[in-house]
Amino acid sequence: MLKRFRYHVGVFLTVIGPGIITANVDNDAGGIYTYSQAGAKFGYLPLWTLIPITILLIVTQEMCSRMGAVTGKGLSDLIREEFGLRATFLMMTALVVTNLTNVMANFAGIASSLELFHVSRYVSVPLGALAVWLLVVKGKYDNVEKAFLLACSLYVTYIISSFLVGPDWKTALIYSVRPVMMLDPAYITMVIGLIGTTIAPWMQFYLQAAVVEKGITAKEYKESRIEVILGCILTDVVAFFIIVACAGAIWANGPRDIRDAADAAVALKPFGKYAYLLFSAGLFNASLFAACILPLSTTYSVCEGLGFESGLNRSFREAPFFYWLYTSLIVIGAGLILLPNFPLVRMILLSQVLNGVLLPLVLIFMVMLINKRDLMQEWTNSRGYNFVAWISVAIIIGLTLALVGISLRDLLGAR
Amino acid sequence: MREGRFSMADNILYLTELAGLKVFDLKGRRIGLVKDAALVPLIDSARVDRYLVGGGWAWLTVRHDQVRTISLDGIYLRDELLTPYHPDEYMLRLVRDLLDQQIIDVSGRKVVRVTDVTFAIEHEQDHDILRLIEVDIGLRSIFRRLFQGILPRRWIRRLQNPIAPHSIPWEFCNIIEADPQRRLRLNITHKMLEKLHPADLADIVEELSPEDREAIFSAIDSEVAAEALSEVDPRVQASILESLEKEKAAEIVEEMAPDQAADVLAELEKETTEEILEEMEAEPKEEVKELLEFEEDTAGGLMNTQFIAVHQNATVSEAVETLKSNGDLLETLNTLFLTDSAGKLVGSVPLAKLFVASSTAPLRELCSDDSIQVSVNEKQEKVTELFDKYNLLTLPVVNDEGRLVGVITADDIISLLRER
């Protein structure tokens, strides 16, 4: 018995990585802003959304990692094989554009978090971009993964800073399980935003690719699933503390809108130097982390799907498209935000619209793929699971489309 | 009928163009569109044997000898007694089974994804046939696929010209098929893979899905499989061996160098290891079993048992005789060891010295001065240190009684250092 247990623990340690990393990158600069904004404006009220968000996240992520483990192929590979080149091409184009704006948002996060430490963005962004490029191009997969796991552990800064703020824990816990709906358009927009930004198309591609890269097979899948679920839960635990910190620091002193995530950090200043510093450091870590993963994951997915040579173990001559795409995502993503008056907010809104177009397709393809018996053998969804999966997908699609509507309104209104 | 300005490209047709091409009967009436085309590799490995035509509710099969002409304008038949389409295990359907799938490019030694297929239109005395000449990958074929059906076929041909083509001759394409029955029916062999360098084959295999890896390893010759498996990433090694039939796994392990075999088996679960050992021949089994006893990070775990030892009183000619009877080891051997009657290591002779010595010379006179050796329990770090310090090629390993039990070679050390 003990031996079996030890075996499982051992296997668990070898499969650790993909799920936790994917879920944590989800809390990138954009995510942190969304959570901070929710806490700053509505206090503890939005906390209830975290439990449904976690469930939706688990349902989608679990399917991806299962597909990766059973088929040994990436999601874009499978989409190409089963749905053809044209569908793949359109998806990959949309993926590149949405992820490019995500990359921009995260370089903006690097810029604004380091500006709190009095580092000019004209220094921090180019250096950040160079570091990202070097880490991935010159690093080895195992080391890179270790660096990423370290980055995951640094999210603990948010937990500490929320304790330093000293919010009303009792209220926070009550509202975590008590759903509150209000017919206030701003509130509804916020709830939609919270759920809509949590599940992004790139995550499905990245997670599945990471599971394959790690060599996880159907045999280790049991442990891998635990890891994926754990990752999803950890992510939302971090989200909980961000919302609570902002609720305690900003909302309690008068609800208001915040401009960006760095604005939230500034608001923590009255609660001591450390609360402020940790929140800013957390933002920097999250932005840099996501700026590492997003370009890489995008490049892998595109190359796989379109059949270009890919992989860091290949030289530039062997895989030119891979390196060009990867480098341009970083250079363009970092370069554009250095332009004065660059309409970043509008780009992010645009990316949310594209996201909303892409995500339904990705999710529907996923559920269709996972039910193909010749692909998944005995690992297809059970009937009950399919029911849950389709409902989750329907909810996510509904909310995403609602977010598209809101973004379009803002985009047109901004003119 | 044929326009002059397309004469250059006139004798070729792409699969993307073929799919959707109109089919006309003897009176020139349209009866449907081409949906797919199939080879029957057992009959001819490159000629399109059948065209599957969809019109009404069911698909029809057009045999290659029922066709009169094929061009971008359509397929004109000369015989309209068509039969309904039945799925047939002997058919390789190009759109379904080849397009968008991964194949192995044997000449380029890599895994590629098929974007399109190029046919030559061959004019036989009274009818046209299509012969598959190349599989297309890369940008040009992607362009063609994306715009097919949106722009007229002839425009696409002209617009694609500036993009460099990227194709693989059909004879260098190795299809991967997981089902062994179907592999036979489609006449898929992996003979070409067996000729690749084992390290290249290993790289290819690492890129494939577990199912396809298993398919290749169960189909190729055990000796080639063993050499390739030795080069594969350890994590992948284990999953390949686990997925294979135990007999086949045992055959492959038997062909591997005992130290590498032991390393792979050590990665597997205990039960699987025993099952594989069970299937092995007695002699390699014992060697591997002995090696499995040692801790992985000691000299014993690193060493292999492929060495040649002769009695210390032997002469050069006797040594040469021994070498002759161990032909399978010669490729990598560089040192000969001398032992006493109890098997204790007394010295080593660099192989090259045998060539310049007279055949009656006692081997003991040719011994190197140094007598570096390690105990089976010595730690890895110490071993690599010795290799570095004394510039060794081969290091003898002795047990507690001083008996020679194995050797560590420089390639083992290189792999070890690369893993770090």
# chains A, B, ... in the order shown; residues from 1 in each chain; ligands from 1

call {"tool": "residues_around", "arguments": {"residues": "Leu359 (chain A)", "least_positions_apart": "4", "cutoff": "7 Å", "atoms": "only C-alpha atoms", "output": "VMD selection string"}}
result
chain A and resid 200 to 201 355 363

call {"tool": "select_by_dssp", "arguments": {"residues": "region 214-338 of chain A", "states": "alpha helix (DSSP H)", "output": "count of residues only"}}
result
87

call {"tool": "closest_atom_pairs", "arguments": {"of": "chain B", "to": "chain A", "cutoff": "12 Å", "atoms": "only C-alpha atoms", "output": "Markdown table"}}
result
| residue | atom | partner | partner_atom | distance |
| --- | --- | --- | --- | --- |
| B:Thr16 | CA | A:Leu85 | CA | 11.4 |
| B:Val95 | CA | A:Gly84 | CA | 10.0 |
| B:Arg96 | CA | A:Glu81 | CA | 9.4 |
| B:Asp97 | CA | A:Glu81 | CA | 9.6 |
| B:Leu98 | CA | A:Glu81 | CA | 9.6 |
| B:Leu99 | CA | A:Glu81 | CA | 8.1 |
| B:Asp100 | CA | A:Glu81 | CA | 5.3 |
| B:Gln101 | CA | A:Glu81 | CA | 5.8 |
| B:Gln102 | CA | A:Glu81 | CA | 8.6 |
| B:Ile103 | CA | A:Gly307 | CA | 11.1 |
| B:Gly108 | CA | A:Glu318 | CA | 11.1 |
| B:Lys110 | CA | A:Glu309 | CA | 9.3 |
| B:Val111 | CA | A:Glu309 | CA | 8.9 |
| B:Val112 | CA | A:Gly307 | CA | 6.5 |
| B:Arg113 | CA | A:Gly307 | CA | 5.3 |
| B:Val114 | CA | A:Gly307 | CA | 7.9 |
| B:Thr115 | CA | A:Leu85 | CA | 7.7 |
| B:Asp116 | CA | A:Leu85 | CA | 10.2 |
| B:Asp136 | CA | A:Gly307 | CA | 11.0 |
| B:Ile137 | CA | A:Gly307 | CA | 7.5 |
| B:Gly138 | CA | A:Phe308 | CA | 7.0 |
| B:Leu139 | CA | A:Phe308 | CA | 9.0 |
| B:Arg140 | CA | A:Leu306 | CA | 11.9 |
| B:Ser141 | CA | A:Leu85 | CA | 10.5 |
| B:Ile142 | CA | A:Leu85 | CA | 7.8 |
| B:Phe143 | CA | A:Arg86 | CA | 10.0 |
| B:Arg144 | CA | A:Arg86 | CA | 10.6 |
| B:Arg145 | CA | A:Leu85 | CA | 7.3 |
| B:Leu146 | CA | A:Arg86 | CA | 5.8 |
| B:Phe147 | CA | A:Arg86 | CA | 9.0 |
| B:Gln148 | CA | A:Arg86 | CA | 9.9 |
| B:Gly149 | CA | A:Arg86 | CA | 11.4 |
| B:Ile150 | CA | A:Arg86 | CA | 11.6 |
| B:His166 | CA | A:Phe308 | CA | 11.5 |
| B:Ala178 | CA | A:Asp374 | CA | 11.2 |
| B:Asp179 | CA | A:Asp374 | CA | 11.4 |
| B:Asp203 | CA | A:Asn313 | CA | 10.8 |
| B:Glu206 | CA | A:Gly215 | CA | 9.8 |
| B:Glu207 | CA | A:Lys73 | CA | 9.4 |
| B:Leu208 | CA | A:Gly72 | CA | 7.7 |
| B:Ser209 | CA | A:Gly72 | CA | 4.6 |
| B:Pro210 | CA | A:Gly72 | CA | 6.0 |
| B:Glu211 | CA | A:Thr71 | CA | 7.5 |
| B:Asp212 | CA | A:Gly72 | CA | 9.5 |
| B:Arg213 | CA | A:Gly72 | CA | 10.3 |
| B:Asp233 | CA | A:Gly215 | CA | 10.2 |
| B:Pro234 | CA | A:Gly215 | CA | 10.6 |
| B:Arg235 | CA | A:Gly215 | CA | 7.1 |
| B:Val236 | CA | A:Gly215 | CA | 7.0 |
| B:Gln237 | CA | A:Gly215 | CA | 10.7 |
| B:Ala238 | CA | A:Gly215 | CA | 10.6 |
| B:Ser239 | CA | A:Thr217 | CA | 8.0 |
| B:Ile240 | CA | A:Thr217 | CA | 10.8 |
| B:Glu242 | CA | A:Lys219 | CA | 10.2 |
| B:Ser243 | CA | A:Lys219 | CA | 10.5 |
| B:Glu269 | CA | A:Tyr7 | CA | 9.9 |
| B:Lys270 | CA | A:Tyr7 | CA | 11.5 |
| B:Arg418 | CA | A:Lys140 | CA | 11.9 |
| B:Glu419 | CA | A:Asp142 | CA | 11.0 |
| B:Arg420 | CA | A:Asp142 | CA | 10.5 |

call {"tool": "atom_distance", "arguments": {"atom1": "CA of Trp133 (chain A)", "atom2": "CA of Cys292 (chain A)"}}
result
7.7 Å

call {"tool": "residues_around", "arguments": {"residues": "Leu323 (chain B)", "least_positions_apart": "3", "cutoff": "10 Å", "atoms": "only C-alpha atoms", "output": "list in words"}}
result
Ile308, Ala309, Val310, Ser317, Glu318, Ala319, Val320, Asn326, Gly327, Asp328, Leu329, Leu330, Leu333 and Leu336 of chain B

call {"tool": "atom_distance", "arguments": {"atom1": "CA of Ala410 (chain B)", "atom2": "CA of Phe387 (chain B)"}}
result
7.5 Å

call {"tool": "residues_around", "arguments": {"residues": "region 259-271 of chain A", "least_positions_apart": "6", "cutoff": "8 Å", "atoms": "only C-alpha atoms", "output": "number ranges by chain"}}
result
A: 29, 32-33, 36-37, 40, 109, 112-113, 116, 164-165, 246, 249-250, 277, 279-280, 283

call {"tool": "write_last_selection", "arguments": {"atoms": "N, CA and C atoms", "output": "mmCIF file, in the first residue's frame"}}
result
data_model
loop_
_atom_site.group_PDB
_atom_site.id
_atom_site.type_symbol
_atom_site.label_atom_id
_atom_site.label_comp_id
_atom_site.auth_asym_id
_atom_site.auth_seq_id
_atom_site.Cartn_x
_atom_site.Cartn_y
_atom_site.Cartn_z
ATOM 1 N N ALA A 29 -0.567 39.948 -16.468
ATOM 2 C CA ALA A 29 -0.866 41.358 -16.214
ATOM 3 C C ALA A 29 -2.352 41.665 -16.424
ATOM 4 N N ILE A 32 -4.418 40.097 -13.554
ATOM 5 C CA ILE A 32 -4.251 40.818 -12.293
ATOM 6 C C ILE A 32 -5.032 42.125 -12.323
ATOM 7 N N TYR A 33 -5.011 42.773 -13.482
ATOM 8 C CA TYR A 33 -5.784 44.010 -13.603
ATOM 9 C C TYR A 33 -7.271 43.737 -13.400
ATOM 10 N N SER A 36 -7.937 43.024 -9.757
ATOM 11 C CA SER A 36 -7.774 44.227 -8.929
ATOM 12 C C SER A 36 -8.960 45.156 -9.121
ATOM 13 N N GLN A 37 -9.359 45.308 -10.380
ATOM 14 C CA GLN A 37 -10.474 46.186 -10.707
ATOM 15 C C GLN A 37 -11.749 45.686 -10.025
ATOM 16 N N ALA A 40 -11.430 46.442 -6.332
ATOM 17 C CA ALA A 40 -11.429 47.872 -6.041
ATOM 18 C C ALA A 40 -12.826 48.460 -6.167
ATOM 19 N N GLY A 109 2.814 45.532 -18.606
ATOM 20 C CA GLY A 109 2.852 45.188 -17.173
ATOM 21 C C GLY A 109 4.266 45.294 -16.624
ATOM 22 N N SER A 112 5.020 49.086 -16.373
ATOM 23 C CA SER A 112 4.389 49.859 -15.301
ATOM 24 C C SER A 112 4.818 49.359 -13.927
ATOM 25 N N SER A 113 5.083 48.049 -13.775
ATOM 26 C CA SER A 113 5.503 47.575 -12.454
ATOM 27 C C SER A 113 6.899 48.090 -12.125
ATOM 28 N N LEU A 116 7.211 51.689 -10.960
ATOM 29 C CA LEU A 116 6.993 51.892 -9.524
ATOM 30 C C LEU A 116 8.322 51.845 -8.773
ATOM 31 N N LEU A 164 -0.943 41.750 4.687
ATOM 32 C CA LEU A 164 -0.457 43.029 5.195
ATOM 33 C C LEU A 164 -1.546 44.104 5.144
ATOM 34 N N VAL A 165 -2.401 44.015 4.135
ATOM 35 C CA VAL A 165 -3.499 44.980 4.026
ATOM 36 C C VAL A 165 -4.500 44.766 5.157
ATOM 37 N N CYS A 246 -7.298 44.131 -2.847
ATOM 38 C CA CYS A 246 -7.813 45.381 -3.412
ATOM 39 C C CYS A 246 -9.111 45.805 -2.734
ATOM 40 N N ALA A 249 -7.950 47.316 0.533
ATOM 41 C CA ALA A 249 -7.154 48.533 0.439
ATOM 42 C C ALA A 249 -7.892 49.668 -0.261
ATOM 43 N N ILE A 250 -8.641 49.349 -1.312
ATOM 44 C CA ILE A 250 -9.232 50.423 -2.120
ATOM 45 C C ILE A 250 -10.736 50.564 -1.865
ATOM 46 N N LEU A 277 5.358 46.967 -2.175
ATOM 47 C CA LEU A 277 6.471 46.374 -2.923
ATOM 48 C C LEU A 277 6.148 44.968 -3.399
ATOM 49 N N PHE A 279 3.221 43.631 -3.944
ATOM 50 C CA PHE A 279 2.206 43.646 -4.997
ATOM 51 C C PHE A 279 2.852 44.011 -6.335
ATOM 52 N N SER A 280 3.728 45.011 -6.314
ATOM 53 C CA SER A 280 4.401 45.415 -7.554
ATOM 54 C C SER A 280 5.323 44.317 -8.069
ATOM 55 N N LEU A 283 3.396 41.702 -9.742
ATOM 56 C CA LEU A 283 2.969 42.109 -11.080
ATOM 57 C C LEU A 283 4.108 41.950 -12.082
#

call {"tool": "residues_around", "arguments": {"residues": "Glu293 (chain B)", "least_positions_apart": "6", "cutoff": "10 Å", "atoms": "only C-alpha atoms", "output": "list in words"}}
result
Ala262, Ala266, Gly300 and Gly301 of chain B

call {"tool": "write_last_selection", "arguments": {"atoms": "N, CA and C atoms", "output": "PDB file, in the first residue's frame"}}
result
ATOM      1  N   ALA B 262      20.509  -2.638 -19.568  1.00  0.00           N
ATOM      2  CA  ALA B 262      20.241  -2.549 -18.131  1.00  0.00           C
ATOM      3  C   ALA B 262      19.713  -1.168 -17.762  1.00  0.00           C
ATOM      4  N   ALA B 266      16.081  -0.512 -16.146  1.00  0.00           N
ATOM      5  CA  ALA B 266      15.996   0.082 -14.820  1.00  0.00           C
ATOM      6  C   ALA B 266      14.946   1.190 -14.774  1.00  0.00           C
ATOM      7  N   GLY B 300      29.562   0.306 -11.380  1.00  0.00           N
ATOM      8  CA  GLY B 300      28.833  -0.902 -11.775  1.00  0.00           C
ATOM      9  C   GLY B 300      27.637  -0.586 -12.645  1.00  0.00           C
ATOM     10  N   GLY B 301      26.952   0.517 -12.349  1.00  0.00           N
ATOM     11  CA  GLY B 301      25.790   0.907 -13.135  1.00  0.00           C
ATOM     12  C   GLY B 301      26.163   1.454 -14.494  1.00  0.00           C
TER      13      GLY B 301
END

call {"tool": "closest_residue", "arguments": {"among": "A:Ala252, A:Ile20, A:Val228, A:Ala286", "to": "Tyr155 (chain A)", "atoms": "only C-alpha atoms"}}
result
A:Ala286

call {"tool": "residues_around", "arguments": {"residues": "Leu345 (chain B)", "least_positions_apart": "4", "cutoff": "10 Å", "atoms": "only C-alpha atoms", "output": "number ranges by chain"}}
result
B: 309-312, 337-341, 371, 373, 396-398, 401-405
